[in-house]
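> This is data-v7.cif (mmCIF, C-alpha atoms (C1' of nucleotides)).
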```cif
data_upload
loop_
_atom_site.label_atom_id
_atom_site.label_comp_id
_atom_site.auth_asym_id
_atom_site.auth_seq_id
_atom_site.Cartn_x
_atom_site.Cartn_y
_atom_site.Cartn_z
CA MET A 29 3.02 -14.25 -7.08
CA ASN A 30 3.31 -11.47 -9.60
CA THR A 31 3.45 -7.69 -9.50
CA LYS A 32 -0.28 -7.03 -9.68
CA ASN A 33 -0.98 -9.60 -7.02
CA ALA A 34 1.69 -8.17 -4.74
CA VAL A 35 0.35 -4.65 -5.25
CA THR A 36 -3.10 -5.81 -4.16
CA LEU A 37 -1.64 -7.36 -1.03
CA LEU A 38 0.50 -4.35 -0.21
CA ALA A 39 -2.39 -1.96 -0.81
CA SER A 40 -4.52 -3.96 1.55
CA LEU A 41 -1.91 -3.44 4.25
CA ALA A 42 -1.16 0.18 3.42
CA GLN A 43 -3.87 1.65 5.59
CA GLU A 44 -3.66 2.30 9.27
CA ALA A 45 -6.77 0.44 10.40
CA ARG A 46 -6.04 -2.51 8.15
CA LEU A 47 -2.43 -2.80 9.19
CA GLU A 48 -3.49 -2.85 12.81
CA ILE A 49 -6.08 -5.50 12.05
CA PHE A 50 -3.51 -7.61 10.29
CA ARG A 51 -0.90 -7.28 13.00
CA LEU A 52 -3.47 -8.10 15.64
CA LEU A 53 -4.32 -11.26 13.75
CA VAL A 54 -0.69 -12.20 13.18
CA GLN A 55 -0.30 -12.01 16.92
CA ALA A 56 -3.51 -13.92 17.55
CA GLY A 57 -2.18 -16.83 15.52
CA PRO A 58 -3.98 -19.39 13.36
CA SER A 59 -7.22 -19.48 15.36
CA GLY A 60 -7.89 -15.81 14.66
CA LEU A 61 -10.47 -13.50 16.24
CA ALA A 62 -14.15 -12.81 15.71
CA ALA A 63 -15.01 -9.60 13.86
CA GLY A 64 -16.64 -8.15 16.95
CA ASP A 65 -13.54 -8.76 19.03
CA ILE A 66 -11.45 -6.96 16.47
CA ALA A 67 -13.87 -4.04 16.45
CA SER A 68 -13.75 -3.66 20.21
CA LYS A 69 -10.00 -4.18 20.57
CA LEU A 70 -9.24 -1.61 17.92
CA ASN A 71 -12.20 0.67 18.51
CA ILE A 72 -13.42 0.76 14.94
CA PRO A 73 -17.12 1.19 13.99
CA THR A 74 -18.45 -2.09 12.70
CA SER A 75 -19.34 -0.82 9.25
CA THR A 76 -15.88 0.59 8.82
CA LEU A 77 -14.33 -2.60 10.12
CA SER A 78 -16.40 -4.68 7.76
CA PHE A 79 -15.18 -2.62 4.82
CA HIS A 80 -11.58 -3.18 5.85
CA LEU A 81 -12.00 -6.87 6.56
CA LYS A 82 -13.42 -7.27 3.11
CA GLU A 83 -10.45 -5.51 1.57
CA LEU A 84 -8.01 -7.74 3.41
CA THR A 85 -9.95 -10.90 2.69
CA HIS A 86 -10.40 -10.10 -1.00
CA ALA A 87 -6.71 -9.41 -1.28
CA GLY A 88 -6.11 -12.84 0.23
CA LEU A 89 -4.40 -11.81 3.42
CA LEU A 90 -7.14 -12.96 5.74
CA ASN A 91 -9.16 -16.14 6.01
CA ALA A 92 -12.72 -15.99 7.24
CA ALA A 93 -14.45 -18.88 9.00
CA GLN A 94 -18.03 -18.76 10.07
CA ALA A 95 -18.84 -20.28 13.47
CA GLY A 96 -22.41 -19.79 14.49
CA ARG A 97 -23.13 -16.10 14.62
CA PHE A 98 -19.45 -15.26 14.66
CA ILE A 99 -17.00 -14.96 11.83
CA TYR A 100 -13.44 -15.69 12.79
CA TYR A 101 -10.80 -13.89 10.79
CA SER A 102 -7.22 -15.08 10.78
CA ALA A 103 -4.02 -14.06 9.00
CA ALA A 104 -3.17 -15.97 5.83
CA PHE A 105 0.40 -16.73 6.83
CA ASN A 106 1.23 -18.61 3.66
CA ILE A 107 0.20 -15.68 1.45
CA MET A 108 2.23 -13.30 3.55
CA ASP A 109 5.23 -15.62 3.23
CA ASP A 110 4.84 -15.55 -0.54
CA LEU A 111 4.68 -11.77 -0.54
CA LEU A 112 7.86 -11.42 1.50
CA GLY A 113 9.57 -13.88 -0.80
CA PHE A 114 8.52 -11.89 -3.83
CA LEU A 115 9.83 -8.65 -2.34
CA THR A 116 13.26 -10.11 -1.72
CA GLU A 117 13.54 -12.20 -4.87
CA ASN A 118 17.00 -12.29 -6.45
CA CYS A 119 18.20 -9.81 -3.91
CA CYS A 120 21.57 -8.35 -4.97
CA GLN A 121 21.49 -10.54 -8.06
CA GLY A 122 21.54 -13.61 -5.91
CA VAL A 123 24.97 -12.89 -4.42
CA GLN A 124 24.84 -14.86 -1.18
CA SER A 125 27.49 -12.82 0.56
CA CYS A 126 25.60 -9.58 0.06
CA GLU A 127 25.35 -7.79 3.42
CA PRO A 128 21.67 -6.79 3.77
CA LYS A 129 19.71 -9.04 6.11
CA LEU A 130 16.93 -8.83 3.55
CA CYS A 131 18.95 -11.03 1.21
CA ASN A 132 18.95 -13.82 3.75
CA THR A 133 15.25 -13.77 4.49
CA GLN A 134 14.75 -16.72 2.19
CA SER A 135 17.27 -18.85 3.97
CA ASN A 136 14.77 -20.32 6.41
CA GLU A 137 14.98 -23.91 5.33
CA LYS A 138 12.75 -24.87 2.45
CA GLU A 139 9.73 -27.04 3.04
CA MET B 20 8.93 1.47 13.40
CA ASN B 21 5.32 2.26 14.19
CA THR B 22 2.02 1.85 12.40
CA LYS B 23 2.00 5.18 10.60
CA ASN B 24 5.55 4.71 9.45
CA ALA B 25 4.82 1.21 8.20
CA VAL B 26 1.72 2.43 6.36
CA THR B 27 3.83 5.02 4.57
CA LEU B 28 6.31 2.35 3.52
CA LEU B 29 3.63 -0.09 2.41
CA ALA B 30 1.76 2.60 0.50
CA SER B 31 4.94 3.50 -1.30
CA LEU B 32 5.21 -0.11 -2.48
CA ALA B 33 1.52 -0.59 -3.21
CA GLN B 34 1.65 0.69 -6.74
CA GLU B 35 2.67 -1.25 -9.79
CA ALA B 36 5.35 1.06 -11.14
CA ARG B 37 6.83 1.66 -7.70
CA LEU B 38 6.92 -2.00 -6.80
CA GLU B 39 8.74 -2.76 -10.02
CA ILE B 40 11.19 0.03 -9.34
CA PHE B 41 11.83 -1.27 -5.85
CA ARG B 42 12.29 -4.85 -6.95
CA LEU B 43 14.62 -3.78 -9.72
CA LEU B 44 16.72 -1.96 -7.16
CA VAL B 45 16.67 -4.84 -4.69
CA GLN B 46 18.08 -6.94 -7.49
CA ALA B 47 20.59 -4.30 -8.49
CA GLY B 48 22.04 -4.32 -4.98
CA PRO B 49 23.67 -1.57 -2.93
CA SER B 50 25.19 0.35 -5.84
CA GLY B 51 21.74 1.02 -7.33
CA LEU B 52 20.86 2.44 -10.74
CA ALA B 53 20.64 5.91 -12.28
CA ALA B 54 17.14 7.33 -12.72
CA GLY B 55 17.49 7.23 -16.49
CA ASP B 56 18.44 3.55 -16.44
CA ILE B 57 15.36 2.79 -14.40
CA ALA B 58 13.18 4.76 -16.83
CA SER B 59 14.47 2.87 -19.82
CA LYS B 60 14.44 -0.58 -18.21
CA LEU B 61 10.87 -0.17 -17.05
CA ASN B 62 9.62 2.02 -19.87
CA ILE B 63 8.21 4.77 -17.71
CA PRO B 64 8.06 8.45 -18.81
CA THR B 65 10.63 10.42 -16.86
CA SER B 66 8.15 12.73 -15.19
CA THR B 67 6.11 9.80 -14.00
CA LEU B 68 9.23 8.03 -12.83
CA SER B 69 10.38 11.09 -10.97
CA PHE B 70 7.07 11.26 -9.14
CA HIS B 71 7.37 7.65 -8.06
CA LEU B 72 11.03 7.91 -7.09
CA LYS B 73 10.11 10.81 -4.88
CA GLU B 74 7.37 8.81 -3.20
CA LEU B 75 9.71 5.92 -2.50
CA THR B 76 12.52 8.14 -1.34
CA HIS B 77 10.29 10.23 0.92
CA ALA B 78 8.90 7.07 2.44
CA GLY B 79 12.49 6.04 3.15
CA LEU B 80 12.68 2.98 0.96
CA LEU B 81 15.19 4.38 -1.48
CA ASN B 82 18.47 6.23 -1.08
CA ALA B 83 19.50 8.79 -3.67
CA ALA B 84 23.11 9.65 -4.44
CA GLN B 85 24.10 12.30 -6.92
CA ALA B 86 27.06 11.52 -9.16
CA GLY B 87 27.68 14.18 -11.71
CA ARG B 88 24.59 14.54 -13.84
CA PHE B 89 23.25 11.20 -12.66
CA ILE B 90 21.32 10.36 -9.55
CA TYR B 91 21.77 6.80 -8.38
CA TYR B 92 18.87 5.30 -6.53
CA SER B 93 19.29 2.23 -4.37
CA ALA B 94 17.05 0.17 -2.10
CA ALA B 95 17.21 1.03 1.61
CA PHE B 96 17.69 -2.55 2.76
CA ASN B 97 17.80 -1.68 6.44
CA ILE B 98 14.43 0.09 6.30
CA MET B 99 12.91 -2.84 4.48
CA ASP B 100 14.30 -5.18 7.13
CA ASP B 101 12.64 -3.07 9.82
CA LEU B 102 9.34 -3.18 7.97
CA LEU B 103 9.39 -6.95 7.62
CA GLY B 104 10.22 -7.24 11.31
CA PHE B 105 7.32 -5.01 12.21
CA LEU B 106 4.90 -7.06 10.14
CA THR B 107 5.87 -10.28 11.83
CA GLU B 108 6.28 -8.92 15.36
CA ASN B 109 5.06 -11.20 18.14
CA CYS B 110 3.77 -13.61 15.56
CA CYS B 111 1.45 -16.16 17.16
CA GLN B 112 2.02 -14.50 20.52
CA GLY B 113 5.67 -15.36 20.37
CA VAL B 114 5.09 -19.12 20.38
CA GLN B 115 8.27 -20.44 18.78
CA SER B 116 6.78 -23.71 17.64
CA CYS B 117 4.04 -21.97 15.64
CA GLU B 118 3.97 -23.44 12.13
CA PRO B 119 3.92 -20.42 9.78
CA LYS B 120 7.27 -19.67 8.18
CA LEU B 121 6.43 -16.03 8.79
CA CYS B 122 6.98 -16.59 12.50
CA ASN B 123 10.56 -17.61 11.90
CA THR B 124 11.51 -14.70 9.71
CA GLN B 125 13.15 -12.99 12.66
CA SER B 126 15.41 -15.90 13.39
CA ASN B 127 18.19 -14.72 11.11
CA GLU B 128 20.85 -14.18 13.70
CA LYS B 129 20.82 -10.80 15.37
CA GLU B 130 23.47 -8.24 14.55
"C1'" DG C 14 28.19 31.61 -22.16
"C1'" DC C 15 26.29 27.82 -24.96
"C1'" DA C 16 24.85 23.22 -26.02
"C1'" DT C 17 23.81 18.80 -24.22
"C1'" DT C 18 22.04 15.53 -21.17
"C1'" DA C 19 19.68 14.20 -16.66
"C1'" DT C 20 16.18 14.96 -13.69
"C1'" DT C 21 12.47 17.47 -11.42
"C1'" DT C 22 8.47 20.63 -10.96
"C1'" DC C 23 4.13 22.32 -12.56
"C1'" DT C 24 -0.43 21.57 -14.08
"C1'" DA C 25 -4.92 19.69 -15.08
"C1'" DT C 26 -7.58 15.73 -15.32
"C1'" DA C 27 -9.10 11.18 -14.09
"C1'" DT C 28 -9.48 7.65 -10.80
"C1'" DT C 29 -9.47 5.34 -6.49
"C1'" DT C 30 -10.24 5.08 -1.65
"C1'" DA C 31 -11.99 6.00 3.23
"C1'" DT C 32 -15.66 7.13 6.43
"C1'" DG C 33 -19.63 5.95 9.32
"C1'" DG C 34 -24.81 6.21 9.99
"C1'" DA C 35 -28.87 3.75 8.81
"C1'" DA C 36 -30.93 -0.11 7.05
"C1'" DA C 37 -30.66 -4.93 5.72
"C1'" DT C 38 -29.26 -9.69 6.37
"C1'" DA C 39 -27.93 -13.84 8.96
"C1'" DT C 40 -27.75 -16.93 12.97
"C1'" DA C 41 -29.34 -18.99 17.11
"C1'" DG C 42 -32.17 -20.00 21.06
"C1'" DA C 43 -36.59 -19.81 23.63
"C1'" DT D 1 -42.15 -16.95 15.31
"C1'" DC D 2 -40.04 -13.42 18.08
"C1'" DT D 3 -35.98 -11.38 19.98
"C1'" DA D 4 -31.26 -10.49 20.50
"C1'" DT D 5 -26.79 -10.38 18.67
"C1'" DA D 6 -23.25 -10.37 14.80
"C1'" DT D 7 -22.00 -8.74 10.61
"C1'" DT D 8 -22.59 -6.71 6.07
"C1'" DT D 9 -24.46 -3.61 2.48
"C1'" DC D 10 -25.89 0.87 0.89
"C1'" DC D 11 -25.00 5.55 0.31
"C1'" DA D 12 -23.14 10.23 -0.06
"C1'" DT D 13 -19.36 12.88 0.86
"C1'" DA D 14 -14.54 13.93 1.45
"C1'" DA D 15 -9.87 13.19 0.53
"C1'" DA D 16 -5.84 11.19 -1.60
"C1'" DT D 17 -3.39 9.52 -5.63
"C1'" DA D 18 -1.77 8.61 -10.59
"C1'" DT D 19 -0.77 10.26 -15.17
"C1'" DA D 20 2.20 12.49 -18.60
"C1'" DG D 21 3.20 16.71 -21.47
"C1'" DA D 22 5.54 20.99 -21.22
"C1'" DA D 23 8.48 23.93 -18.97
"C1'" DA D 24 12.07 24.58 -15.55
"C1'" DT D 25 16.32 23.40 -13.12
"C1'" DA D 26 20.90 21.29 -12.60
"C1'" DA D 27 25.48 19.60 -14.06
"C1'" DT D 28 29.11 19.04 -17.41
"C1'" DG D 29 32.44 20.13 -20.98
"C1'" DC D 30 33.80 23.14 -24.72
#
```
Taking this structure as input, can you express it in the form of structure tokens?


Amino acid sequence: MNTKNAVTLLASLAQEARLEIFRLLVQAGPSGLAAGDIASKLNIPTSTLSFHLKELTHAGLLNAAQAGRFIYYSAAFNIMDDLLGFLTENCCQGVQSCEPKLCNTQSNEKE
Amino acid sequence: MNTKNAVTLLASLAQEARLEIFRLLVQAGPSGLAAGDIASKLNIPTSTLSFHLKELTHAGLLNAAQAGRFIYYSAAFNIMDDLLGFLTENCCQGVQSCEPKLCNTQSNEKE
DNA sequence: GCATTATTTCTATATTTATGGAAATATAGA
DNA sequence: TCTATATTTCCATAAATATAGAAATAATGC
């Protein structure tokens, strides 16, 4: 992860429709949702939705999987994890005792 | 935290100069840095920097504190925490055993 | 009040991004 | 092959955003 990469990811989330799409898919979990389901749940015209799905997918935040006539989109949890890690990197110069919760975000045990 | 609010925060980070400013301040910790220090560390013209500091501050991601002729900017850790929480809300429909690390981000003990 | 330093506002220009209708493309089943 | 459904591409228009020089504002100490 580097600055340019992170900017692309953040920009892909920094738009109302796209953020709602992403959150919906975070909640849907790894199996994701078909594009049409997303369109109807969020009430977005399909051409507009397609534009936003492309943005998110190109950025790397969504995975797309074709299944027959449907395309299932799901959140790329690993990429999102990387982004959060990048944002909190070396928080407070690495001082462990630093108060902000942000500084402890990393402390979920390493894999 | 709601969608519009989160979009404002994400948009404020979705720009190379601003992301670098924010990360620099996350690393600097609660005491922050003076605007001029930020300008020289990141090599950004002061008028451009001022524009970006305003964006970040208006969004709520930075705090500004005047000290004599200097203005110290620092990261608003609590706002960032809220944003991360919003992004991961109800991850995988709340299923605790869900694999992605993202889903466990919240599990830093509550305050 | 004057000089110095820190920061912001103003301004114009250039660039990027969002929107949604209409048409095109893809997939599957009869 | 024909039809129905799912999704994307094309397009024009509208709106938002980034850049940095020059001028303005603020704070300090003499």

> Tell me, in Å to one decimal, how far atom CA of A:Glu48 is from atom CA of A:Asp65.

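Between these atoms lies a distance of 13.2 Å.
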
> Given a cut-off of 10 Å, which residues of chain A touch chain D, counting only C-alpha atoms (C1' of nucleotides), written out as an MDAnalysis selection string?

chainID A and resid 62:64 74:75 77:79 82 96:99

> Could you list, as a PyMOL selection string, every residue matched by the PyMOL selection byres ((chain A) within 9 of (chain B)) in this structure?

chain A and resi 31-32+34-44+47-48+50-51+53-58+105-106+108-109+112+114-122+126+128-136

> Provide as a tab-separated table (two decimals) with C-alpha atoms (C1' of nucleotides), in the coordinates of the input the residues of chain C at most 7 Å from chain A, counting all atoms listed in the file.


```
chain	number	residue	atom	x	y	z
C	32	DT	C1'	-15.66	7.13	6.43
C	33	DG	C1'	-19.63	5.95	9.32
C	40	DT	C1'	-27.75	-16.93	12.97
```

> Any idea what the distance is between atom CA of A:Ser102 and atom CA of A:Ala67?

14.1 Å

> Give the padded box for stretch 72-88 of chain A as lines of an AutoDock Vina configuration file: axis-aligned, covering all atoms listed in the file, 5 Å on each side, centre and edge lengths in Å to one decimal.


```
center_x = -12.7
center_y = -5.8
center_z = 6.8
size_x = 23.2
size_y = 24.0
size_z = 26.2
```

> Could you work out how far atom CA of A:Ile49 lies from atom CA of A:Ile66, giving the answer in Å with one decimal?

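Answer for the atom CA of A:Ile66 to atom CA of A:Ile49 separation: 7.1 Å.
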